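Below: the structure, in structure tokens.
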Amino acid sequence: MPGETMSIPGGVHLSDEQIDTVVRNLIHTHEPDSYRRLQAKFRATTYQAAEHRLRASWARVHAGQNTTSTPAPELPD
């Protein structure tokens, strides 16, 4: 995964797929436990993305990684 970001130039407009690659790499490398921590790591790189695009990427990547099969608890009526 770390090699994936090597092919993405810094300081240019990133596609959603490229942002997702950077976010996946940051999650794999730094294991941030919150969006704010990921945001800080992302802002420390040479990559740039609007807040709403970075947040959307965080949601997409987390949705793809959330593969737990535990059912949600039932709420009482």
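Note on naming: chains are A, B, ... as they come in the structure tokens, residues start from 1 per chain, ligands start from 1 in the order shown.
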Within 10 Å of range 27-42 of chain A using only C-alpha atoms, minus same-chain residues under 4 positions, as a PyMOL selection string: chain A and resi 1-2+19+21-23+46-49+51+54-55+58-59+61-62
Near Arg60 in chain A, within 8 Å and counting only C-alpha atoms, which residues show up once chain neighbours fewer than 4 positions away are dropped, as a compact mmCIF listing (two decimals) with all heavy atoms, in the first residue's frame?
```
# COMPACT_ATOMS: atom_id res chain seq x y z
N ASP A 20 -8.80 8.42 -1.98
CA ASP A 20 -9.05 7.17 -1.27
C ASP A 20 -7.76 6.38 -1.07
O ASP A 20 -7.54 5.81 0.00
CB ASP A 20 -10.06 6.31 -2.02
CG ASP A 20 -11.47 6.88 -2.01
OD1 ASP A 20 -11.71 7.92 -1.36
OD2 ASP A 20 -12.34 6.28 -2.68
N ALA A 56 -15.62 12.65 2.72
CA ALA A 56 -16.30 11.63 1.92
C ALA A 56 -15.38 10.43 1.70
O ALA A 56 -15.83 9.27 1.75
CB ALA A 56 -16.76 12.22 0.59
N GLY A 64 -15.76 0.47 3.28
CA GLY A 64 -15.14 -0.68 2.62
C GLY A 64 -14.38 -1.57 3.58
O GLY A 64 -14.21 -2.76 3.33
```
What residues in range 3-58 of chain A get the DSSP label helix (DSSP H, G or I)? Please answer as a PyMOL selection string. chain A and resi 3-6+16-30+35-43+51-58
